[in-house]
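Visitor: Structure supplied as query35.txt; contents: compact mmCIF, C-alpha atoms.
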# COMPACT_ATOMS: atom_id res chain seq x y z
CA MET A 1 -19.57 -16.45 14.30
CA ARG A 2 -21.06 -18.36 17.23
CA ARG A 3 -20.17 -16.90 20.60
CA GLN A 4 -21.37 -18.00 24.00
CA GLU A 5 -21.91 -15.71 26.97
CA LYS A 6 -22.97 -16.82 30.41
CA PRO A 7 -25.05 -14.42 32.52
CA ALA A 8 -23.52 -13.61 35.91
CA ALA A 9 -20.13 -14.81 34.68
CA THR A 10 -17.18 -12.63 33.68
CA SER A 11 -17.65 -11.83 30.01
CA SER A 12 -14.91 -11.59 27.41
CA GLU A 13 -14.91 -8.97 24.66
CA LEU A 14 -16.76 -9.93 21.51
CA LEU A 15 -15.19 -8.92 18.20
CA LEU A 16 -17.74 -7.81 15.59
CA CYS A 17 -16.69 -6.79 12.08
CA HIS A 18 -17.85 -3.94 9.88
CA GLY A 19 -19.85 -5.21 6.91
CA ALA A 20 -20.45 -8.64 8.45
CA GLU A 21 -23.48 -10.60 9.66
CA HIS A 22 -22.79 -12.29 12.98
CA GLN A 23 -24.76 -14.77 15.02
CA LEU A 24 -24.62 -14.19 18.75
CA CYS A 25 -25.55 -17.11 20.96
CA VAL A 26 -25.90 -16.56 24.70
CA VAL A 27 -26.07 -19.77 26.74
CA PRO A 28 -27.19 -19.97 30.39
CA HIS A 29 -25.38 -21.87 33.11
CA ALA A 30 -26.78 -25.34 33.74
CA ASP A 31 -28.18 -24.15 37.05
CA SER A 32 -29.07 -20.61 35.98
CA PRO A 33 -32.47 -19.35 37.21
CA TRP A 34 -32.68 -17.44 33.90
CA ALA A 35 -33.03 -20.67 31.91
CA ASN A 36 -36.39 -21.20 30.17
CA HIS A 37 -37.47 -17.65 30.95
CA LYS A 38 -37.57 -14.74 28.56
CA VAL A 39 -34.66 -12.41 27.78
CA ARG A 40 -34.11 -9.41 25.56
CA LEU A 41 -31.04 -7.60 24.23
CA GLU A 42 -30.41 -3.84 24.30
CA SER A 43 -27.50 -1.71 23.06
CA THR A 44 -26.48 1.54 21.40
CA LEU A 45 -24.53 -0.37 18.76
CA VAL A 46 -25.16 0.77 15.19
CA ALA A 47 -26.35 -2.56 13.78
CA THR A 48 -29.50 -4.38 12.75
CA PHE A 49 -30.58 -7.09 15.20
CA ASP A 50 -32.95 -9.98 14.62
CA PRO A 51 -34.88 -10.33 16.88
CA PRO A 52 -34.79 -6.53 17.28
CA HIS A 53 -33.96 -4.76 20.52
CA GLY A 54 -36.72 -5.01 23.07
CA ASP A 55 -38.22 -8.24 21.74
CA TYR A 56 -38.19 -11.10 24.22
CA GLN A 57 -37.34 -14.70 23.39
CA VAL A 58 -37.14 -17.83 25.52
CA PHE A 59 -33.74 -18.39 27.11
CA GLU A 60 -33.55 -22.09 26.28
CA GLU A 61 -30.90 -24.41 27.69
CA ASP A 62 -29.00 -24.44 24.39
CA GLY A 63 -29.06 -20.66 24.24
CA ALA A 64 -30.80 -17.66 22.71
CA LEU A 65 -29.79 -16.43 19.25
CA TRP A 66 -29.53 -12.98 17.71
CA ASN A 67 -28.36 -12.12 14.22
CA ALA A 68 -26.43 -8.85 14.13
CA THR A 69 -25.65 -7.12 10.82
CA LEU A 70 -23.11 -4.31 10.95
CA PRO A 71 -22.86 -1.59 8.25
CA ALA A 72 -19.75 -1.52 6.08
CA ASN A 73 -19.08 2.12 6.92
CA GLY A 74 -19.20 1.66 10.67
CA VAL A 75 -16.86 3.35 13.12
CA ASP A 76 -14.45 1.38 15.29
CA THR A 77 -15.83 1.44 18.82
CA GLN A 78 -16.00 -0.31 22.17
CA THR A 79 -19.51 -0.64 23.55
CA THR A 80 -21.73 -2.92 25.60
CA LEU A 81 -24.62 -5.22 24.74
CA THR A 82 -26.93 -5.71 27.72
CA LEU A 83 -28.99 -8.84 28.32
CA PHE A 84 -32.17 -8.32 30.37
CA SER A 85 -34.35 -10.94 32.03
CA GLU A 86 -38.14 -10.64 32.11
CA PHE A 87 -37.78 -10.48 35.88
CA THR A 88 -35.95 -7.96 38.04
CA ALA A 89 -32.56 -9.68 37.96
CA LEU A 90 -29.53 -7.50 37.33
CA PRO A 91 -28.82 -7.25 33.59
CA HIS A 92 -25.79 -9.00 32.16
CA PRO A 93 -23.27 -6.85 30.19
CA ILE A 94 -21.43 -8.18 27.12
CA GLU A 95 -18.43 -6.10 26.10
CA VAL A 96 -18.12 -5.61 22.33
CA SER A 97 -15.44 -4.21 20.03
CA THR A 98 -16.33 -3.32 16.43
CA GLY A 99 -13.70 -2.93 13.73
CA HIS A 100 -11.97 -4.65 10.84
CA HIS A 101 -11.01 -7.58 13.02
CA ARG A 102 -10.95 -10.24 10.30
CA LEU A 103 -8.21 -9.75 7.72
CA ILE A 104 -6.98 -11.36 4.53
CA PHE A 105 -4.11 -10.79 2.13
CA ALA A 106 -5.79 -9.37 -0.96
CA GLN A 107 -2.83 -8.87 -3.32
CA THR A 108 0.82 -9.85 -3.56
CA VAL A 109 3.63 -8.70 -5.83
CA GLN A 110 7.00 -10.35 -6.45
CA PRO A 111 9.52 -10.62 -9.31
CA PRO A 112 8.19 -12.91 -12.05
CA VAL A 113 11.65 -14.25 -12.91
CA PRO A 114 14.82 -15.30 -10.99
CA ILE A 115 17.02 -12.58 -9.52
CA VAL A 116 20.80 -12.36 -9.76
CA LEU A 117 23.00 -12.53 -6.66
CA ASP A 118 24.92 -9.30 -5.89
CA GLU A 119 23.03 -7.45 -8.65
CA ASP A 120 19.29 -7.67 -8.00
CA VAL A 121 16.93 -7.24 -5.11
CA ALA A 122 13.38 -8.55 -4.92
CA ASP A 123 10.64 -6.02 -4.15
CA LEU A 124 8.02 -8.00 -2.26
CA SER A 125 4.67 -6.35 -1.54
CA ILE A 126 1.54 -7.57 0.17
CA ARG A 127 -1.82 -5.90 0.83
CA ALA A 128 -4.08 -6.26 3.86
CA ARG A 129 -7.85 -6.09 3.34
CA SER A 130 -11.04 -6.54 5.29
CA PHE A 131 -12.37 -10.08 4.92
CA TYR A 132 -15.91 -8.80 4.54
CA ILE A 133 -15.59 -5.58 2.52
CA GLU A 134 -14.21 -5.67 -1.02
CA GLY A 135 -11.81 -2.80 -1.62
CA LYS A 136 -11.42 -1.89 2.06
CA TYR A 137 -7.67 -1.95 2.62
CA ILE A 138 -6.41 -1.63 6.16
CA ALA A 139 -3.62 0.66 7.37
CA ASP A 140 -1.26 0.14 10.31
CA VAL A 141 -1.43 -3.64 10.26
CA GLU A 142 1.86 -5.13 11.42
CA ILE A 143 3.32 -7.49 8.83
CA GLU A 144 6.04 -9.86 9.94
CA TRP A 145 8.55 -10.80 7.25
CA LEU A 146 10.45 -13.99 8.09
CA VAL A 147 13.66 -14.62 6.17
CA ASP A 148 15.92 -17.38 7.46
CA ASP A 149 16.40 -16.48 11.13
CA GLN A 150 15.39 -12.84 10.76
CA VAL A 151 12.03 -11.29 11.59
CA ILE A 152 11.35 -7.83 10.14
CA LYS A 153 8.18 -6.05 11.29
CA LEU A 154 6.72 -3.39 9.00
CA PRO A 155 3.30 -1.66 9.02
CA THR A 156 0.89 -1.39 6.12
CA GLY A 157 0.39 2.07 4.63
CA VAL A 158 -2.84 3.98 4.18
CA ASP A 159 -3.51 1.88 1.08
CA GLY A 160 -2.99 -1.42 2.90
CA TRP A 161 0.29 -2.17 1.13
CA CYS A 162 3.43 -3.28 2.92
CA LYS A 163 6.70 -3.56 1.02
CA TYR A 164 9.84 -5.50 1.92
CA VAL A 165 13.03 -5.37 -0.13
CA PHE A 166 14.70 -8.78 -0.11
CA GLU A 167 18.46 -8.75 -0.69
CA PRO A 168 19.68 -12.24 -1.58
CA GLN A 169 22.65 -13.61 0.35
CA ARG A 170 23.04 -17.00 -1.29
CA LEU A 171 22.22 -18.94 -4.42
CA GLY A 172 19.24 -21.21 -4.89
CA LYS A 173 15.65 -21.05 -3.74
CA THR A 174 14.74 -18.85 -0.79
CA THR A 175 11.42 -18.67 0.99
CA VAL A 176 10.16 -15.42 2.49
CA LEU A 177 7.13 -15.72 4.75
CA ALA A 178 4.80 -12.77 5.33
CA LYS A 179 2.22 -13.03 8.08
CA MET A 180 -0.25 -10.87 10.02
CA TRP A 181 -2.46 -11.47 13.02
CA SER A 182 -6.22 -11.69 12.40
CA PRO A 183 -7.83 -11.04 15.81
CA TYR A 184 -11.27 -12.36 14.89
CA GLU A 185 -9.91 -15.78 14.02
CA GLU A 186 -7.14 -15.61 16.62
CA GLN A 187 -4.61 -16.87 14.13
CA TYR A 188 -1.95 -15.67 11.71
CA ILE A 189 -2.73 -15.19 8.03
CA GLU A 190 0.29 -16.21 5.98
CA HIS A 191 1.68 -15.96 2.46
CA VAL A 192 4.85 -17.55 1.13
CA PHE A 193 7.06 -15.88 -1.48
CA ASP A 194 9.31 -18.34 -3.33
CA ILE A 195 12.34 -16.62 -4.84
CA GLU A 196 15.03 -18.15 -7.03
CA VAL A 197 18.49 -16.60 -6.85
CA ILE A 198 20.99 -17.31 -9.61
CA ALA A 199 24.71 -16.55 -9.80
CA THR A 200 24.73 -14.75 -13.09
CA SER A 201 22.83 -14.66 -16.33
CA VAL A 202 23.42 -14.08 -20.00
CA TRP A 203 21.49 -10.85 -19.64
CA GLU A 204 24.47 -9.39 -17.77
CA THR A 205 27.41 -11.31 -19.25
CA ASP A 206 26.48 -11.27 -22.93
CA LEU A 207 24.59 -7.99 -23.49
CA GLU A 208 24.97 -4.22 -23.16
CA TYR A 209 22.03 -1.83 -22.80
CA TYR A 210 21.56 1.76 -23.97
CA TRP A 211 18.77 4.30 -23.48
CA SER A 212 19.07 7.40 -25.67
CA GLN A 213 22.62 6.22 -26.40
CA GLN A 214 23.49 6.23 -22.69
CA PRO A 215 24.48 2.91 -21.08
CA PHE A 216 22.42 1.57 -18.19
CA SER A 217 22.21 -1.54 -16.03
CA ILE A 218 19.35 -3.95 -16.62
CA ALA A 219 19.37 -4.72 -12.88
CA LYS A 220 18.82 -1.06 -11.92
CA GLY A 221 16.45 -0.39 -14.81
CA LEU A 222 15.27 2.87 -16.35
CA TRP A 223 13.74 6.21 -15.44
CA VAL A 224 11.60 7.33 -18.40
CA ASN A 225 10.22 10.83 -18.75
CA ARG A 226 6.56 11.18 -19.70
CA ASN A 227 5.94 11.66 -23.44
CA ASN A 228 9.63 11.10 -24.13
CA SER A 229 9.89 8.87 -27.17
CA THR A 230 13.38 7.50 -27.58
CA GLN A 231 15.39 4.41 -28.38
CA LEU A 232 16.26 1.41 -26.24
CA GLN A 233 19.15 -0.61 -27.67
CA ILE A 234 20.88 -3.87 -26.83
CA HIS A 235 24.31 -4.82 -28.15
CA PRO A 236 26.06 -8.19 -27.97
CA LYS A 237 29.29 -8.47 -25.97
CA ASN A 238 30.07 -11.74 -27.76
CA GLN A 239 28.48 -14.17 -30.21
CA ASN A 240 26.56 -16.23 -27.65
CA LEU A 241 23.16 -14.63 -28.30
CA VAL A 242 23.63 -13.27 -31.81
CA ARG A 243 20.79 -14.23 -34.19
CA ARG A 244 18.44 -15.03 -31.36
CA TYR A 245 15.10 -13.27 -31.11
CA PHE A 246 14.38 -10.77 -28.36
CA SER A 247 11.10 -9.20 -27.26
CA MET A 248 9.72 -7.42 -24.23
CA TYR A 249 6.38 -6.54 -22.71
CA ALA A 250 5.15 -4.50 -19.77
CA LYS A 251 4.32 -6.52 -16.66
CA ASP A 252 1.37 -4.24 -15.83
CA PRO A 253 -1.22 -2.83 -18.25
CA ILE A 254 0.53 0.53 -18.56
CA PRO A 255 0.16 2.60 -21.74
CA ILE A 256 3.54 2.03 -23.38
CA SER A 257 3.44 2.52 -27.10
CA GLY A 258 5.83 2.83 -30.00
CA GLY A 259 6.56 1.89 -33.57
CA ASN A 260 8.02 -1.48 -32.67
CA PHE A 261 7.44 -1.93 -28.90
CA GLY A 262 6.60 -5.56 -28.19
CA GLU A 263 7.95 -6.62 -31.58
CA LYS A 264 10.18 -9.70 -31.72
CA ARG A 265 13.56 -8.64 -33.11
CA MET A 266 16.68 -10.57 -34.08
CA LEU A 267 19.93 -9.59 -32.36
CA LEU A 268 22.57 -8.88 -35.00
CA ASP A 269 26.26 -8.10 -34.61
CA ASN A 270 25.48 -4.40 -34.40
CA GLY A 271 22.60 -4.95 -31.96
CA THR A 272 18.90 -4.19 -32.22
CA TYR A 273 16.54 -1.55 -30.84
CA TRP A 274 13.01 -0.53 -29.93
CA PHE A 275 11.27 2.85 -29.91
CA PHE A 276 8.57 3.50 -27.34
CA SER A 277 6.89 6.28 -25.38
CA THR A 278 4.33 6.63 -22.65
CA GLY A 279 1.79 9.23 -21.62
CA ILE A 280 1.62 8.30 -17.93
CA GLY A 281 3.06 10.51 -15.24
CA PHE A 282 4.39 8.65 -12.21
CA GLN A 283 4.23 4.88 -12.07
CA SER A 284 6.53 1.94 -11.47
CA SER A 285 6.41 -1.28 -13.39
CA ALA A 286 8.73 -3.77 -15.05
CA LEU A 287 9.65 -4.84 -18.55
CA ILE A 288 9.83 -8.58 -19.05
CA TRP A 289 12.43 -9.54 -21.64
CA THR A 290 12.45 -12.83 -23.51
CA CYS A 291 15.17 -14.41 -25.62
CA GLU A 292 14.39 -17.29 -27.97
CA GLY A 293 16.39 -19.36 -30.42
CA PRO A 294 15.99 -22.63 -32.36
CA GLY A 295 16.72 -25.56 -30.07
CA GLN A 296 17.47 -23.22 -27.16
CA PRO A 297 15.49 -22.73 -23.95
CA THR A 298 13.56 -19.48 -23.71
CA LEU A 299 15.30 -17.00 -21.38
CA THR A 300 13.46 -14.35 -19.37
CA ARG A 301 14.58 -11.30 -17.39
CA SER A 302 12.70 -8.63 -15.46
CA MET A 303 13.85 -5.00 -15.61
CA PRO A 304 12.47 -2.18 -13.39
CA ILE A 305 11.04 0.78 -15.27
CA ARG A 306 9.82 3.98 -13.62
CA PHE A 307 8.01 6.84 -15.30
CA TYR A 308 8.02 10.46 -14.23
CA ASP A 309 7.32 14.01 -15.34
CA PHE A 310 9.10 17.30 -14.70
CA ASP A 311 5.81 18.57 -13.25
CA LEU A 312 5.32 17.15 -9.76
CA ALA A 313 1.63 18.17 -9.89
CA LEU A 314 1.02 15.09 -12.05
CA GLY A 315 2.45 12.89 -9.31
CA GLY A 316 0.20 13.65 -6.37
CA ILE A 317 -2.21 15.89 -4.51
CA PHE A 318 -1.50 18.81 -2.21
CA THR A 319 -3.60 19.67 0.84
CA LEU A 320 -3.63 22.56 3.30
CA ASP A 321 -5.09 21.63 6.69
CA GLY A 322 -6.77 18.61 5.12
CA VAL A 323 -8.38 20.47 2.22
CA GLN A 324 -7.13 19.76 -1.29
CA VAL A 325 -5.63 22.80 -2.99
CA PRO A 326 -5.52 23.07 -6.80
CA TRP A 327 -1.93 23.27 -7.94
CA SER A 328 -2.82 26.36 -9.99
CA HIS A 329 -3.96 28.32 -6.91
CA ASP A 330 -1.94 30.19 -4.32
CA ILE A 331 -2.38 29.10 -0.71
CA VAL A 332 -3.27 31.47 2.09
CA LEU A 333 -1.81 31.19 5.58
CA GLN A 334 -3.63 32.87 8.44
CA ARG A 335 -1.51 34.77 10.91
CA ASP A 336 -1.51 33.45 14.48
CA ASN A 337 -2.12 29.94 13.16
CA ILE A 338 -0.08 26.81 12.56
CA HIS A 339 -0.91 25.15 9.24
CA THR A 340 -0.24 21.68 7.88
CA LEU A 341 0.83 21.11 4.28
CA LYS A 342 0.74 17.59 2.89
CA PHE A 343 1.83 16.02 -0.38
CA THR A 344 0.39 12.60 -1.16
CA PRO A 345 1.75 10.62 -4.14
CA LEU A 346 -0.57 9.14 -6.74
CA PRO A 347 -1.50 6.48 -7.62
CA GLN A 348 -2.10 5.61 -3.95
CA ASN A 349 -0.20 2.34 -3.93
CA THR A 350 3.31 0.98 -4.13
CA GLU A 351 3.32 1.51 -7.91
CA SER A 352 3.93 5.27 -7.60
CA SER A 353 7.46 5.88 -8.82
CA LEU A 354 7.84 8.71 -6.28
CA VAL A 355 7.44 6.45 -3.25
CA GLY A 356 10.82 5.97 -1.58
CA LEU A 357 12.42 9.02 -3.16
CA ASN A 358 13.53 12.08 -1.18
CA VAL A 359 11.48 15.27 -1.35
CA TYR A 360 11.84 18.63 0.35
CA LEU A 361 9.95 21.88 0.78
CA GLU A 362 11.73 25.04 -0.28
CA LEU A 363 10.25 28.31 1.03
CA ARG A 364 11.98 31.51 0.12
CA GLY A 365 10.20 33.37 2.90
CA ALA A 366 11.71 31.30 5.68
CA ASP A 367 14.02 34.16 6.58
CA GLN A 368 10.94 36.37 7.17
CA GLY A 369 9.93 34.45 10.25
CA VAL A 370 7.94 31.48 8.97
CA ILE A 371 8.87 28.44 11.04
CA ILE A 372 8.81 25.21 9.02
CA PHE A 373 9.08 21.66 10.29
CA PRO A 374 10.75 19.70 8.84
CA LYS A 375 12.80 22.74 7.98
CA SER A 376 13.08 24.22 4.49
CA GLY A 377 15.41 22.13 2.33
CA GLU A 378 15.44 19.10 4.63
CA ARG A 379 15.17 15.85 2.67
CA ILE A 380 12.37 13.46 3.63
CA ARG A 381 11.83 9.97 2.25
CA LEU A 382 8.37 9.97 0.66
CA PRO A 383 6.13 7.16 2.02
CA VAL A 384 3.01 5.94 0.24
CA GLU A 385 0.79 7.83 2.69
CA GLY A 386 2.51 11.13 1.93
CA VAL A 387 4.63 13.65 3.81
CA GLU A 388 3.63 16.62 5.96
CA TRP A 389 5.13 19.97 6.88
CA THR A 390 3.91 22.38 9.55
CA LEU A 391 4.10 26.12 8.84
CA ASP A 392 3.96 28.44 11.82
CA ALA A 393 2.86 31.90 10.63
CA ARG A 394 2.13 33.32 14.08
CA HIS A 395 3.07 36.91 14.88
CA LEU A 396 4.08 37.72 11.30
CA GLN A 397 3.22 40.75 9.25
CA PRO A 398 1.07 40.24 6.13
CA ILE A 399 3.01 39.07 3.07
CA ALA A 400 1.34 39.42 -0.32
CA HIS A 401 3.35 36.79 -2.18
CA MET A 402 5.95 34.32 -1.03
CA PRO A 403 6.76 31.47 -3.47
CA PHE A 404 7.62 28.00 -2.34
CA SER A 405 8.19 24.70 -4.11
CA ILE A 406 8.25 20.97 -3.50
CA ARG A 407 11.18 19.21 -5.10
CA CYS A 408 12.50 15.70 -5.58
CA THR A 409 16.23 15.06 -5.24
CA GLU A 410 16.74 11.92 -7.32
CA ILE A 411 14.94 13.06 -10.46
CA GLN A 412 14.35 16.44 -12.08
CA CYS A 413 10.86 17.04 -10.77
CA SER A 414 9.29 19.94 -8.86
CA LYS A 415 6.27 22.20 -8.45
CA SER A 416 6.13 25.83 -7.38
CA ILE A 417 3.17 27.46 -5.64
CA GLY A 418 2.50 30.97 -4.43
CA CYS A 419 1.80 31.68 -0.78
CA ALA A 420 0.28 34.69 1.01
CA ILE A 421 0.09 35.48 4.71
CA VAL A 422 -2.96 37.48 5.78
Would you put the structure from the file into structure tokens?

Guide:
Amino acid sequence: MRRQEKPAATSSELLLCHGAEHQLCVVPHADSPWANHKVRLESTLVATFDPPHGDYQVFEEDGALWNATLPANGVDTQTTLTLFSEFTALPHPIEVSTGHHRLIFAQTVQPPVPIVLDEDVADLSIRARSFYIEGKYIADVEIEWLVDDQVIKLPTGVDGWCKYVFEPQRLGKTTVLAKMWSPYEEQYIEHVFDIEVIATSVWETDLEYYWSQQPFSIAKGLWVNRNNSTQLQIHPKNQNLVRRYFSMYAKDPIPISGGNFGEKRMLLDNGTYWFFSTGIGFQSSALIWTCEGPGQPTLTRSMPIRFYDFDLALGGIFTLDGVQVPWSHDIVLQRDNIHTLKFTPLPQNTESSLVGLNVYLELRGADQGVIIFPKSGERIRLPVEGVEWTLDARHLQPIAHMPFSIRCTEIQCSKSIGCAIV
């Protein structure tokens, strides 16, 4: 960065970034009496300056230079750098803002294959990160999603991810533009998602799908319980794809295993099948199917797959007033206090299969005077940053044991914990 400040003139705010090395150049007016005399810089800013604070340098006509290196773990702040002359002139203030002012898009996710009109949606995700600090993802950045004439504004979560669900309205290629403002550069950072929408596909018209002998839609995909090894079958509706070879693989490196998972299998009149299982708890991914035949183009299809466990403890962490509580321990509420319970899904990104589902807190002591907000049993959509409840235990008598649980509505998944009021 090369910024210019003019002593005795109205100064604009400088943007300095955590984890970055900046070059500050202060240039005198052409007729400034400060020119060719010595100046020094002073501040309370947590940064390393070269020359250091207190050291004078000549205020030449083309400016005086300081290199400022900010630590990566700095705190966002507004402060002032002060330029002093070697004489008794009034010092010149330079207003400064430190933060993650320079942003980039670090990761993007979109369907790897075309989507089908009136059957599929495209989950588009993008992640905001500090330009200077690897792995520093930024929350509460406004992402603008531009689709045709629509503009949808959504914030990034605590993990830097922002997700937009695109619902196709027409056939052909559609462009979705995601952009965010990077204050340091004073410009938008953009990413284009190119999506192909098709009318129908052989995956829907020519095949039927079964999981544990129960039919399912390839567009909606599967919920798979952890450590549940079972059979995925496809059956032909006609002869169009019979004797072609089918295979599938996981889009992400998730631990799916099985006797013939990933194996290329011929589709016969009575269908074909795969066995597989997984040991992971709560994660979302996709299976990519391929269909091949002699002299025929290779066909591909993406299918959502979400893993879960009956035990919600494997899907996130639980905190009381900001302190993590082991799932095996009871929690203790102090009388005359208001407490905050929070459940945060893991992994902390858009790949958690719990994100977007409805959860609720169920406290069987609510009729004893505990005030809960949101109230016991009220469904809340689980965001990536987690969900909170406040428990007001003021003016209550001690209660030795009062069980409560966190439950999910869409899948059979819960966790019970004991609670005492002292």

Visitor: Using only C-alpha atoms, find the one residue out of A:Ala250, A:Ala72, A:Val387, A:Val202 that sits nearest to A:Pro236.

Guide: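 When distances to A:Pro236 are compared using only C-alpha atoms, the smallest one comes from A:Val202.
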
Visitor: Can you pull out every residue within 6 Å of A:Trp289, counting all atoms listed in the file, but drop anything in the same chain fewer than 2 positions away, and send it as a PyMOL selection string?

Guide: chain A and resi 247-248+300-301

Visitor: For A:Asp311, find every residue with an atom within 8 Å (counting only C-alpha atoms), except residues of its own chain fewer than 4 positions away, and show them as number ranges by chain.

Guide: A: 315, 413-415

Visitor: Mind pulling up the distance from atom CA of A:Gly377 to atom CA of A:Asp336?

Guide: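 Separating atom CA of A:Asp336 from atom CA of A:Gly377 is a distance of 23.7 Å.
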
Visitor: A:Glu388: which residues within 8 Å, counting all atoms listed in the file, same-chain residues fewer than 5 positions away excluded, as a list in words?

Guide: Thr340, Leu341, Lys342 and Phe343 of chain A

Visitor: Which residues, protein or nucleic acid, reach to within 10 Å of (-19.8, 3.4, 11.8) in the file's coordinates when using all atoms listed in the file, and can you give that as JSON, numbers by chain?

Guide: {"A": [18, 19, 45, 46, 47, 70, 71, 72, 73, 74, 75, 76, 77, 98, 99]}

Visitor: Atom CA of A:Phe193 and atom CA of A:Lys220 are how many Å apart?

Guide: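 Result for atom CA of A:Phe193 versus atom CA of A:Lys220: 21.6 Å, one decimal.
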
Visitor: Residues around (18.9, 7.7, -25.3), cut-off 10 Å, counting only C-alpha atoms - what are they as number ranges by chain?

Guide: A: 210-215, 228-233

Visitor: Using Å and a single decimal, report how far atom CA of A:Val359 sits from atom CA of A:Ser416.

Guide: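 We find that atom CA of A:Ser416 and atom CA of A:Val359 lie 13.3 Å from each other.
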
Visitor: Tell me which of A:Val192, A:Val242, A:Val141, A:Cys162 sits closest to A:Thr175, counting only C-alpha atoms.

Guide: A:Val192
